[in-house]
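Next comes start-v8.txt, with compact mmCIF, C-alpha atoms.
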```
# COMPACT_ATOMS: atom_id res chain seq x y z
CA MET P 4 -104.65 54.13 -21.83
CA ILE P 5 -101.68 52.95 -19.73
CA ASP P 6 -100.03 51.49 -22.83
CA GLN P 7 -99.77 54.99 -24.26
CA TYR P 8 -97.07 55.57 -21.64
CA VAL P 9 -95.51 52.10 -21.33
CA GLU P 10 -96.07 49.61 -24.13
CA SER P 11 -98.08 46.52 -23.25
CA ILE P 12 -96.58 43.49 -24.98
CA SER P 13 -97.18 40.35 -22.96
CA THR P 14 -100.24 38.13 -23.01
CA PHE P 15 -101.16 39.19 -19.45
CA SER P 16 -100.09 42.85 -19.46
CA GLY P 17 -103.53 43.95 -20.69
CA ASP P 18 -105.24 42.13 -17.79
CA ILE P 19 -103.01 43.92 -15.29
CA ASP P 20 -103.67 47.25 -16.96
CA ASN P 21 -107.40 46.53 -16.70
CA VAL P 22 -107.15 45.91 -12.95
CA ILE P 23 -105.22 49.17 -12.50
CA TRP P 24 -107.77 50.96 -14.67
CA VAL P 25 -110.77 49.56 -12.73
CA VAL P 26 -109.13 50.49 -9.39
CA PHE P 27 -108.42 53.97 -10.76
CA LEU P 28 -112.04 54.46 -11.89
CA ILE P 29 -113.55 53.22 -8.62
CA VAL P 30 -111.17 55.15 -6.40
CA GLY P 31 -111.39 58.19 -8.68
CA PHE P 32 -115.21 58.18 -8.62
CA TRP P 33 -115.35 57.99 -4.82
CA PHE P 34 -112.57 60.52 -4.42
CA VAL P 35 -114.38 63.08 -6.58
CA LEU P 36 -117.74 62.35 -4.92
CA ALA P 37 -116.25 62.59 -1.42
CA GLU P 38 -114.56 65.88 -2.23
CA LEU P 39 -117.77 67.29 -3.73
CA VAL P 40 -119.77 66.32 -0.63
CA PHE P 41 -117.02 67.57 1.67
CA PHE P 42 -116.68 70.99 0.08
CA GLY P 43 -120.45 71.15 -0.64
CA LEU P 44 -121.19 70.75 3.06
CA ILE P 45 -118.50 73.25 4.01
CA PHE P 46 -119.98 75.91 1.75
CA LYS P 47 -123.57 75.02 2.63
CA PHE P 48 -122.95 75.40 6.33
CA LEU P 49 -120.66 78.43 6.30
CA ALA P 50 -121.05 80.65 9.35
CA LYS P 51 -124.15 82.84 9.05
CA PRO P 52 -125.09 85.81 11.20
CA GLY P 53 -127.53 84.82 13.90
CA VAL P 54 -127.17 81.06 13.36
CA LYS P 55 -125.53 79.26 16.23
CA ALA P 56 -123.41 76.17 15.63
CA LYS P 57 -124.82 72.95 17.03
CA TYR P 58 -123.33 69.61 17.89
CA VAL P 59 -124.56 66.68 15.79
CA SER P 60 -124.10 63.31 17.50
CA GLY P 61 -124.73 61.33 14.30
CA GLU P 62 -126.97 58.80 15.98
CA ARG P 63 -130.17 59.43 14.06
CA PRO P 64 -130.68 57.12 11.03
CA GLU P 65 -130.69 59.99 8.50
CA GLU P 66 -127.34 61.14 9.93
CA LYS P 67 -125.80 57.70 10.29
CA ARG P 68 -126.36 56.77 6.67
CA TRP P 69 -123.74 59.34 5.60
CA VAL P 70 -121.26 56.91 7.13
CA THR P 71 -122.91 53.50 6.72
CA LEU P 72 -123.79 53.76 3.02
CA PRO P 73 -120.26 54.74 1.91
CA HIS P 74 -118.97 52.03 4.25
CA TYR P 75 -121.07 49.32 2.57
CA ALA P 76 -120.19 50.70 -0.84
CA THR P 77 -116.48 50.55 0.05
CA LEU P 78 -116.83 46.93 1.14
CA ALA P 79 -118.74 46.02 -2.01
CA PHE P 80 -116.20 47.68 -4.30
CA ASP P 81 -113.32 46.16 -2.30
CA VAL P 82 -114.76 42.70 -2.85
CA ALA P 83 -115.18 43.43 -6.56
CA ILE P 84 -111.56 44.63 -6.82
CA ILE P 85 -110.27 41.64 -4.87
CA VAL P 86 -112.20 39.14 -7.02
CA LEU P 87 -110.89 40.79 -10.19
CA ALA P 88 -107.33 41.04 -8.86
CA ILE P 89 -107.25 37.46 -7.58
CA LYS P 90 -108.33 36.18 -10.99
CA VAL P 91 -105.50 38.09 -12.66
CA TRP P 92 -103.05 37.12 -9.89
CA HIS P 93 -103.97 33.47 -10.38
CA ASP P 94 -103.50 33.68 -14.15
CA VAL P 95 -100.19 35.55 -13.89
CA LYS P 96 -98.54 34.14 -10.77
CA ILE P 97 -100.17 30.82 -9.86
CA ASP P 98 -101.33 29.03 -12.99
CA LEU P 99 -98.23 28.68 -15.12
CA PRO P 100 -99.12 27.58 -18.65
CA LYS P 101 -97.04 24.84 -20.24
CA ALA P 102 -93.63 26.21 -21.16
CA ASP P 103 -92.17 26.17 -24.64
CA SER P 104 -88.82 27.07 -23.14
CA THR P 105 -87.21 27.89 -19.77
CA VAL P 106 -84.61 30.53 -18.95
CA ARG P 107 -82.69 31.07 -15.74
CA VAL P 108 -82.48 34.60 -14.34
CA ILE P 109 -79.71 35.20 -11.80
CA SER P 110 -79.68 38.51 -10.00
CA GLN P 111 -76.78 39.94 -8.06
CA GLN P 112 -75.39 43.27 -6.98
CA TRP P 113 -75.52 44.84 -9.63
CA ALA P 114 -76.02 42.77 -12.71
CA TRP P 115 -78.30 40.21 -14.29
CA THR P 116 -77.04 36.92 -15.63
CA PHE P 117 -79.32 35.00 -17.98
CA VAL P 118 -78.92 31.34 -18.87
CA HIS P 119 -80.66 30.45 -22.14
CA PRO P 120 -81.31 26.82 -23.05
CA GLY P 121 -79.55 27.11 -26.43
CA PRO P 122 -80.42 25.24 -29.63
CA ASP P 123 -81.45 22.02 -27.81
CA ASN P 124 -83.97 23.99 -25.71
CA GLN P 125 -82.78 22.26 -22.52
CA LEU P 126 -81.12 23.97 -19.58
CA ASP P 127 -78.00 22.51 -17.98
CA THR P 128 -76.65 21.13 -21.22
CA PRO P 129 -73.38 22.12 -22.91
CA ASP P 130 -75.06 24.38 -25.46
CA ASP P 131 -76.59 26.68 -22.82
CA ILE P 132 -75.91 30.32 -23.62
CA THR P 133 -75.06 32.56 -20.68
CA THR P 134 -75.23 36.31 -21.07
CA VAL P 135 -74.88 39.29 -18.79
CA ASP P 136 -77.50 42.05 -18.81
CA GLU P 137 -79.09 40.76 -22.03
CA LEU P 138 -82.00 38.31 -22.25
CA HIS P 139 -82.96 36.90 -25.63
CA VAL P 140 -86.43 35.44 -26.09
CA GLU P 141 -88.73 34.55 -28.95
CA LYS P 142 -92.03 36.25 -29.71
CA ASP P 143 -95.23 34.22 -29.15
CA LYS P 144 -93.41 31.58 -27.14
CA THR P 145 -94.31 30.77 -23.54
CA TYR P 146 -91.28 31.06 -21.28
CA HIS P 147 -90.88 29.90 -17.74
CA PHE P 148 -88.17 31.66 -15.77
CA GLU P 149 -86.29 30.40 -12.75
CA LEU P 150 -85.34 33.42 -10.70
CA THR P 151 -82.57 33.35 -8.11
CA SER P 152 -80.39 35.80 -6.25
CA ARG P 153 -76.70 35.47 -5.48
CA ASP P 154 -76.70 37.95 -2.62
CA VAL P 155 -79.56 40.14 -1.45
CA LEU P 156 -83.19 40.80 -2.39
CA HIS P 157 -83.71 41.96 -5.95
CA SER P 158 -86.79 42.23 -8.11
CA PHE P 159 -86.97 41.16 -11.75
CA SER P 160 -89.11 43.69 -13.55
CA VAL P 161 -89.99 43.95 -17.23
CA PRO P 162 -92.28 46.99 -17.39
CA VAL P 163 -93.64 46.26 -20.88
CA PHE P 164 -94.73 42.81 -19.69
CA ARG P 165 -96.15 44.29 -16.44
CA LEU P 166 -94.00 41.59 -14.86
CA LYS P 167 -92.40 42.07 -11.46
CA GLN P 168 -91.10 39.29 -9.26
CA ASP P 169 -88.92 39.47 -6.18
CA ALA P 170 -85.73 37.42 -6.13
CA ILE P 171 -84.84 35.93 -2.77
CA PRO P 172 -81.44 34.44 -1.92
CA GLY P 173 -81.69 30.69 -1.39
CA ARG P 174 -84.93 30.30 -3.32
CA ILE P 175 -85.74 29.47 -6.93
CA ILE P 176 -88.88 31.34 -7.89
CA LYS P 177 -90.71 30.33 -11.02
CA GLY P 178 -92.80 32.53 -13.24
CA TRP P 179 -93.76 32.90 -16.87
CA PHE P 180 -94.29 35.33 -19.71
CA LYS P 181 -95.19 35.31 -23.37
CA ALA P 182 -94.14 38.26 -25.51
CA THR P 183 -96.51 39.42 -28.21
CA GLN P 184 -94.19 41.75 -30.08
CA THR P 185 -90.56 41.89 -31.17
CA GLY P 186 -88.19 44.63 -30.04
CA GLN P 187 -85.78 45.63 -27.29
CA TYR P 188 -87.06 46.71 -23.89
CA ASP P 189 -85.84 47.49 -20.38
CA ILE P 190 -85.32 45.09 -17.54
CA GLN P 191 -85.08 46.78 -14.16
CA CYS P 192 -84.38 45.87 -10.58
CA THR P 193 -87.30 47.12 -8.52
CA GLU P 194 -86.08 46.21 -5.05
CA ILE P 195 -83.53 48.50 -3.42
CA CYS P 196 -80.42 46.30 -3.38
CA GLY P 197 -77.51 48.56 -2.51
CA ILE P 198 -75.66 51.56 -3.83
CA GLY P 199 -75.67 50.28 -7.42
CA HIS P 200 -79.40 49.46 -7.49
CA GLY P 201 -80.23 52.28 -9.85
CA ILE P 202 -77.51 51.36 -12.30
CA MET P 203 -78.21 47.70 -12.97
CA PRO P 204 -80.36 47.93 -16.07
CA ALA P 205 -80.55 45.09 -18.54
CA ARG P 206 -82.33 44.57 -21.85
CA ILE P 207 -84.76 41.97 -23.10
CA ILE P 208 -84.45 41.33 -26.80
CA ILE P 209 -87.58 39.80 -28.26
CA GLU P 210 -86.88 38.19 -31.58
CA SER P 211 -88.81 36.54 -34.38
CA PRO P 212 -88.39 32.75 -34.60
CA ALA P 213 -85.86 33.13 -37.42
CA GLN P 214 -83.86 35.81 -35.57
CA HIS P 215 -83.85 33.76 -32.39
CA ARG P 216 -82.70 30.64 -34.22
CA THR P 217 -79.85 32.62 -35.74
CA TRP P 218 -78.90 34.07 -32.36
CA ASN P 219 -78.97 30.62 -30.77
CA GLN P 220 -76.81 29.12 -33.46
CA SER P 221 -74.28 31.92 -33.52
CA ASN P 222 -73.86 32.08 -29.72
CA ALA P 223 -73.97 28.47 -28.60
CA PRO P 224 -71.99 27.14 -26.86
CA LYS P 225 -69.92 30.24 -26.18
CA VAL P 226 -70.38 31.15 -22.56
CA ALA P 227 -68.02 33.92 -21.67
CA ASP P 228 -68.17 35.96 -24.85
CA ALA P 229 -71.89 36.60 -24.95
CA ALA P 230 -71.86 39.69 -22.71
CA PRO P 231 -72.16 42.91 -24.69
CA THR P 232 -69.11 45.13 -24.68
CA THR P 233 -68.69 48.74 -25.67
CA PRO P 234 -65.42 50.26 -26.80
CA PRO P 235 -64.07 52.67 -24.15
CA THR P 236 -64.17 55.58 -26.58
CA GLN P 237 -67.94 55.35 -26.91
CA LEU P 238 -68.65 55.56 -23.21
CA GLY P 239 -70.14 58.72 -21.84
CA GLY P 240 -71.23 57.89 -18.33
CA MET P 241 -74.30 55.82 -17.71
CA PRO P 242 -75.25 53.49 -20.54
CA MET W 28 -93.05 68.48 10.32
CA HIS W 29 -92.15 71.26 7.88
CA ARG W 30 -88.51 70.28 8.16
CA LEU W 31 -89.33 66.64 7.46
CA MET W 32 -91.36 67.65 4.41
CA SER W 33 -88.54 69.86 3.14
CA VAL W 34 -86.00 67.08 3.52
CA SER W 35 -88.34 64.59 1.79
CA LEU W 36 -88.93 67.04 -1.04
CA ALA W 37 -85.20 67.63 -1.42
CA PHE W 38 -84.60 63.87 -1.61
CA ALA W 39 -87.38 63.48 -4.17
CA ILE W 40 -85.89 66.22 -6.35
CA VAL W 41 -82.40 64.73 -6.11
CA ALA W 42 -83.77 61.23 -6.83
CA SER W 43 -85.67 62.51 -9.84
CA PHE W 44 -82.39 63.65 -11.38
CA GLY W 45 -80.97 60.14 -11.02
CA CYS W 46 -77.50 59.96 -12.48
CA ILE W 47 -78.25 62.60 -15.07
CA ARG W 48 -76.68 65.88 -14.21
CA PRO W 49 -79.00 68.75 -14.98
CA GLU W 50 -78.13 71.67 -17.20
CA GLY W 51 -75.89 74.11 -15.38
CA ALA W 52 -74.59 71.47 -12.97
CA LYS W 53 -70.88 71.00 -12.56
CA LYS W 54 -69.78 68.96 -15.55
CA THR W 55 -66.75 67.25 -14.09
CA LEU W 56 -66.70 66.23 -10.46
CA ALA W 57 -63.53 66.18 -8.40
CA GLY W 58 -61.95 62.85 -7.50
CA SER W 59 -62.91 63.23 -3.84
CA GLU W 60 -66.55 63.82 -4.82
CA LEU W 61 -66.61 60.82 -7.15
CA TYR W 62 -64.95 58.63 -4.56
CA ALA W 63 -68.02 58.92 -2.32
CA ALA W 64 -69.63 56.13 -4.36
CA CYS W 65 -66.51 53.94 -4.04
CA ALA W 66 -66.26 54.54 -0.30
CA SER W 67 -69.40 52.55 0.45
CA CYS W 68 -67.48 49.35 -0.37
CA HIS W 69 -63.79 50.27 -0.33
CA GLY W 70 -64.04 52.52 2.73
CA GLU W 71 -63.20 56.18 3.21
CA ALA W 72 -59.51 55.33 3.45
CA GLY W 73 -59.63 52.88 0.53
CA ALA W 74 -58.54 50.03 2.79
CA GLY W 75 -61.23 47.68 1.44
CA ASN W 76 -63.70 45.43 3.20
CA ALA W 77 -63.23 41.68 3.27
CA SER W 78 -66.85 41.00 4.17
CA ILE W 79 -68.01 42.30 0.80
CA ALA W 80 -64.91 41.27 -1.16
CA ALA W 81 -63.75 44.84 -1.75
CA PRO W 82 -59.96 44.96 -2.09
CA ASN W 83 -57.51 47.42 -0.63
CA ILE W 84 -57.07 50.18 -3.22
CA ALA W 85 -55.46 52.91 -1.11
CA GLY W 86 -52.36 54.29 -2.76
CA LEU W 87 -52.53 52.14 -5.89
CA PRO W 88 -50.86 53.88 -8.85
CA ALA W 89 -53.25 56.15 -10.73
CA TRP W 90 -52.41 54.53 -14.06
CA TYR W 91 -53.46 51.12 -12.73
CA VAL W 92 -56.72 52.34 -11.20
CA GLU W 93 -57.51 54.21 -14.40
CA ALA W 94 -56.72 51.18 -16.57
CA GLN W 95 -58.97 48.93 -14.48
CA LEU W 96 -61.81 51.45 -14.49
CA VAL W 97 -61.56 51.71 -18.28
CA LYS W 98 -61.67 47.91 -18.49
CA TYR W 99 -64.72 47.73 -16.27
CA ARG W 100 -66.47 50.53 -18.13
CA SER W 101 -65.91 48.91 -21.50
CA GLY W 102 -66.81 45.40 -20.38
CA ILE W 103 -63.28 44.03 -20.78
CA ARG W 104 -63.12 43.23 -17.07
CA GLY W 105 -66.15 42.20 -15.05
CA TYR W 106 -67.94 40.76 -18.06
CA HIS W 107 -67.81 37.06 -17.22
CA PRO W 108 -71.01 35.63 -15.70
CA GLU W 109 -68.98 33.99 -12.93
CA ASP W 110 -67.05 37.13 -12.03
CA ILE W 111 -69.45 38.12 -9.27
CA GLU W 112 -67.31 40.89 -7.80
CA GLY W 113 -66.37 42.15 -11.26
CA LEU W 114 -70.01 42.37 -12.27
CA ARG W 115 -70.53 44.51 -9.19
CA MET W 116 -67.74 46.87 -10.21
CA ARG W 117 -68.90 47.22 -13.81
CA PRO W 118 -71.93 49.46 -13.17
CA MET W 119 -70.09 51.34 -10.43
CA SER W 120 -67.29 52.23 -12.87
CA ARG W 121 -69.89 53.75 -15.16
CA GLN W 122 -70.80 56.37 -12.61
CA MET W 123 -67.92 58.38 -13.98
CA MET W 124 -69.27 60.42 -16.85
CA ASP W 125 -66.12 60.75 -18.94
CA GLU W 126 -62.39 60.18 -19.18
CA ALA W 127 -61.62 63.26 -17.08
CA GLU W 128 -63.65 61.87 -14.19
CA VAL W 129 -61.99 58.47 -14.47
CA LYS W 130 -58.61 60.18 -14.22
CA ALA W 131 -59.79 62.35 -11.32
CA VAL W 132 -61.01 59.44 -9.18
CA ALA W 133 -57.91 57.39 -10.07
CA ALA W 134 -55.71 60.27 -8.90
CA TYR W 135 -57.71 60.52 -5.68
CA VAL W 136 -57.39 56.79 -4.97
CA SER W 137 -53.68 57.07 -5.64
CA SER W 138 -53.42 59.92 -3.14
CA LEU W 139 -54.90 57.83 -0.31
CA LYS W 140 -52.34 56.66 2.21
CA ALA W 141 -51.26 53.10 1.41
CA VAL W 142 -52.04 50.61 4.16
CA LYS W 143 -51.08 47.01 4.59
CA ALA W 144 -54.08 44.66 4.80
CA ALA W 145 -54.17 42.13 7.63
CA PRO W 146 -53.63 38.48 6.62
CA SER W 147 -56.56 36.07 6.83
CA VAL W 148 -55.80 33.11 4.57
CA GLN W 149 -54.66 30.11 6.56
CA GLY W 150 -52.29 27.37 5.43
CA GLY W 151 -49.94 29.28 3.13
CA ASP W 152 -46.23 28.45 3.25
CA ALA W 153 -44.28 31.65 2.58
CA THR W 154 -40.99 29.79 2.21
CA ALA W 155 -42.41 27.45 -0.44
CA GLY W 156 -44.06 30.44 -2.10
CA ALA W 157 -40.76 32.30 -2.40
CA GLY W 158 -39.65 30.01 -5.21
CA GLN W 159 -42.91 30.37 -7.06
CA TYR W 160 -42.80 34.13 -6.67
CA ALA W 161 -39.70 34.23 -8.88
CA THR W 162 -42.05 34.11 -11.88
CA CYS W 163 -44.13 37.03 -10.57
CA GLN W 164 -41.04 39.05 -9.68
CA ALA W 165 -40.15 39.79 -13.29
CA CYS W 166 -43.20 42.02 -13.65
CA HIS W 167 -44.32 42.86 -10.11
CA GLY W 168 -40.86 43.52 -8.64
CA ASP W 169 -38.82 41.66 -6.03
CA LYS W 170 -40.81 43.21 -3.17
CA GLY W 171 -44.19 43.20 -4.86
CA GLN W 172 -43.91 46.92 -5.34
CA GLY W 173 -45.26 46.82 -8.89
CA MET W 174 -43.68 48.22 -12.04
CA ASP W 175 -45.10 50.87 -14.31
CA ALA W 176 -43.04 49.67 -17.26
CA THR W 177 -44.62 46.21 -17.22
CA LYS W 178 -48.08 47.51 -16.30
CA ALA W 179 -47.93 45.37 -13.18
CA PRO W 180 -49.66 46.72 -10.07
CA PRO W 181 -48.23 46.54 -6.55
CA LEU W 182 -49.11 43.34 -4.73
CA ALA W 183 -47.54 44.20 -1.38
CA GLY W 184 -50.12 45.26 1.18
CA GLN W 185 -53.04 43.74 -0.68
CA TYR W 186 -55.46 41.36 1.05
CA ASP W 187 -54.29 37.75 0.72
CA TRP W 188 -57.85 36.52 0.04
CA TYR W 189 -58.10 38.97 -2.84
CA LEU W 190 -54.85 37.83 -4.41
CA VAL W 191 -55.90 34.17 -4.14
CA SER W 192 -59.31 34.92 -5.64
CA GLN W 193 -57.78 36.82 -8.57
CA LEU W 194 -55.28 34.04 -9.25
CA LYS W 195 -58.20 31.60 -9.36
CA LYS W 196 -60.10 33.89 -11.71
CA PHE W 197 -57.12 34.27 -14.03
CA LYS W 198 -56.51 30.55 -14.05
CA GLY W 199 -60.18 29.74 -14.61
CA GLY W 200 -60.59 32.29 -17.42
CA VAL W 201 -63.03 34.35 -15.40
CA ARG W 202 -60.62 37.28 -15.54
CA GLY W 203 -58.20 38.11 -18.33
CA ALA W 204 -59.96 36.05 -21.00
CA HIS W 205 -61.47 38.94 -22.94
CA PRO W 206 -59.77 39.35 -26.34
CA LEU W 207 -59.01 43.02 -25.60
CA ASP W 208 -57.57 42.38 -22.12
CA THR W 209 -53.91 42.29 -23.08
CA THR W 210 -52.46 42.59 -19.59
CA GLY W 211 -54.99 40.08 -18.28
CA ALA W 212 -53.92 37.72 -21.04
CA GLN W 213 -50.36 37.96 -19.70
CA MET W 214 -51.52 36.97 -16.24
CA ARG W 215 -53.53 33.94 -17.31
CA PRO W 216 -50.59 31.66 -18.20
CA MET W 217 -48.71 32.91 -15.12
CA ALA W 218 -51.60 31.93 -12.86
CA SER W 219 -51.89 28.60 -14.66
CA MET W 220 -48.34 27.78 -13.58
CA LEU W 221 -49.61 27.50 -10.01
CA ALA W 222 -50.71 23.89 -9.80
CA ASP W 223 -53.42 24.18 -7.19
CA GLU W 224 -54.94 26.32 -4.46
CA GLN W 225 -52.13 25.42 -2.07
CA ALA W 226 -49.56 26.80 -4.51
CA MET W 227 -51.59 30.00 -4.73
CA LYS W 228 -51.74 30.26 -0.95
CA ASN W 229 -48.01 29.73 -0.75
CA VAL W 230 -47.10 32.47 -3.18
CA VAL W 231 -49.62 34.82 -1.58
CA ALA W 232 -48.14 34.04 1.85
CA HIS W 233 -44.77 35.07 0.46
CA ILE W 234 -46.25 38.31 -0.89
CA GLY W 235 -47.59 38.87 2.64
CA THR W 236 -44.03 39.14 3.92
CA PHE W 237 -43.43 42.29 1.84
CA SER W 238 -43.87 45.62 3.52
CA ARG W 239 -45.99 48.36 1.98
```
Is it possible to give me this structure as structure tokens?
Amino acid sequence: MIDQYVESISTFSGDIDNVIWVVFLIVGFWFVLAELVFFGLIFKFLAKPGVKAKYVSGERPEEKRWVTLPHYATLAFDVAIIVLAIKVWHDVKIDLPKADSTVRVISQQWAWTFVHPGPDNQLDTPDDITTVDELHVEKDKTYHFELTSRDVLHSFSVPVFRLKQDAIPGRIIKGWFKATQTGQYDIQCTEICGIGHGIMPARIIIESPAQHRTWNQSNAPKVADAAPTTPPTQLGGMP
Amino acid sequence: MHRLMSVSLAFAIVASFGCIRPEGAKKTLAGSELYAACASCHGEAGAGNASIAAPNIAGLPAWYVEAQLVKYRSGIRGYHPEDIEGLRMRPMSRQMMDEAEVKAVAAYVSSLKAVKAAPSVQGGDATAGAGQYATCQACHGDKGQGMDATKAPPLAGQYDWYLVSQLKKFKGGVRGAHPLDTTGAQMRPMASMLADEQAMKNVVAHIGTFSR
């Protein structure tokens, strides 16, 4: 359902969609029921000629259960949601599967710098490939990312992965993802980070193994030239 | 409460437009309107802000401001992963929707009253820097006034920390290394002639003696 609006292309994006869907159904059911009861009671007890209004203290058991039963139901559904959410949280944020590769994600006002491990698949070696606003990854490969910030709070968000992680200056935050489909998708900052917050988009390019090998070989060990450029004549405001 | 709701609704509508101007909106904004985005870092008067590494741009020639904005917009400047301040300017430069708006904001910046930035770099020897400035003088003028013919901007009045940082960037290939940055390519060997940071401080201290 949600993937009809935003594609779902990571191994855990479906689990997150399911949590959102379950929360929507539970909250939606109770919302509709509560509104039906609310308006039902309003119409049932509309002012009638000759009938005097009376004060109901709500202390009798048959009155109290209008509060206690929904209360217990809310608690029960809350526990169910929490159990489901914690399982997904654990799988997405806590239990990092073994990485096939690691990339470094550096956020700053108002750009993303990505350090790829290059052909040797090791960071901090001479063949690392550094790009600005463009992250290249391989489909069906588990990536760890090391997220940092050069200045203020940012948030690394890849909507199609259902991935969102705050970046905090002075900390290296680790996370993971595994793309299930090739293509080019948005990377956003989802933490207000200054006047340029809304104009720091980047792209994630998910490639097949052959495409990624070619990209690695053709870009390593160039560091400075990997950022995409656009001729001035083709610019028309926001990219 | 109604007022608060109206204001919130107005903000929500404006936010929903983002940077896309709706049909019927003014197509080209005036330089003073566009400058509102620049002012948050460079200040209303264009005098810059050392705490966020924003240089003094008040009164810079329009051709220079325009040329730099075009470079930022096209990724010729502010493209290097280590150019932290340049990477900040790149998206900001893309707030202008077209060439006419770039020219308009450049003209507005140029119209701002030029001010001389206060010195802050310690340890520079202006006398020693005078000799080294002889190389710069050919393009930037004997008083750092800049020269249109050589596409060299004024240096007089600029923050000393900014000039030192740009010399380091030119020397380190963080600025001016893009194949299409022809004027930057001219600066790179010039900056490389300064042996170390002390030499940079010296020449910048000499530039600090020029009046704006």
* Asked: Skipping near chain neighbours, those fewer than 5 positions away, what residues fall within 9 Å of W:Glu224 using all atoms listed in the file, listed as an NGL selection string?
  -> :W and (191 or 195 or 229)
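Across the structure, atom CA of P:Trp115 and atom CA of W:Arg115 are spaced 10.2 Å apart.
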* Nearest-residue call for P:Gln7, choices P:Ile29, P:Ala83, P:Val155, P:Val163, using only C-alpha atoms ->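 Among the listed residues, the smallest separation from P:Gln7 belongs to P:Val163.
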* To do: Find the residues near stretch 198-213 of chain W: any atom within 6 Å, counting all atoms listed in the file, skip ones fewer than 3 places away on the same chain, and give them as a list in words.
  =>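 Neighbouring residues, sequence-local ones excluded: Ile103, His107, Asp110, Lys195, Ala218 and Ser219 of chain W.
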* Asked: Suppose you want the space between atom CA of W:Gly184 and atom CA of W:Ala232; what is it in Å?
  ->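 Separating atom CA of W:Gly184 from atom CA of W:Ala232 is a distance of 11.4 Å.
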* To do: Compute the set of chain W residues within 7 Å of chain P, using all atoms listed in the file, and express it as a count of residues only.
  => 16
* **Pairwise distance for atom CA of P:Val35 and atom CA of P:Thr77, rounded to one decimal in Å** => 14.3 Å
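Within a radius of 7 Å around (-57.0, 40.9, 0.7), the polymer residues are Ala77, Pro82, Asn83, Ala144, Gln185, Tyr186, Asp187, Trp188, Tyr189 and Leu190 of chain W, counting all atoms listed in the file.
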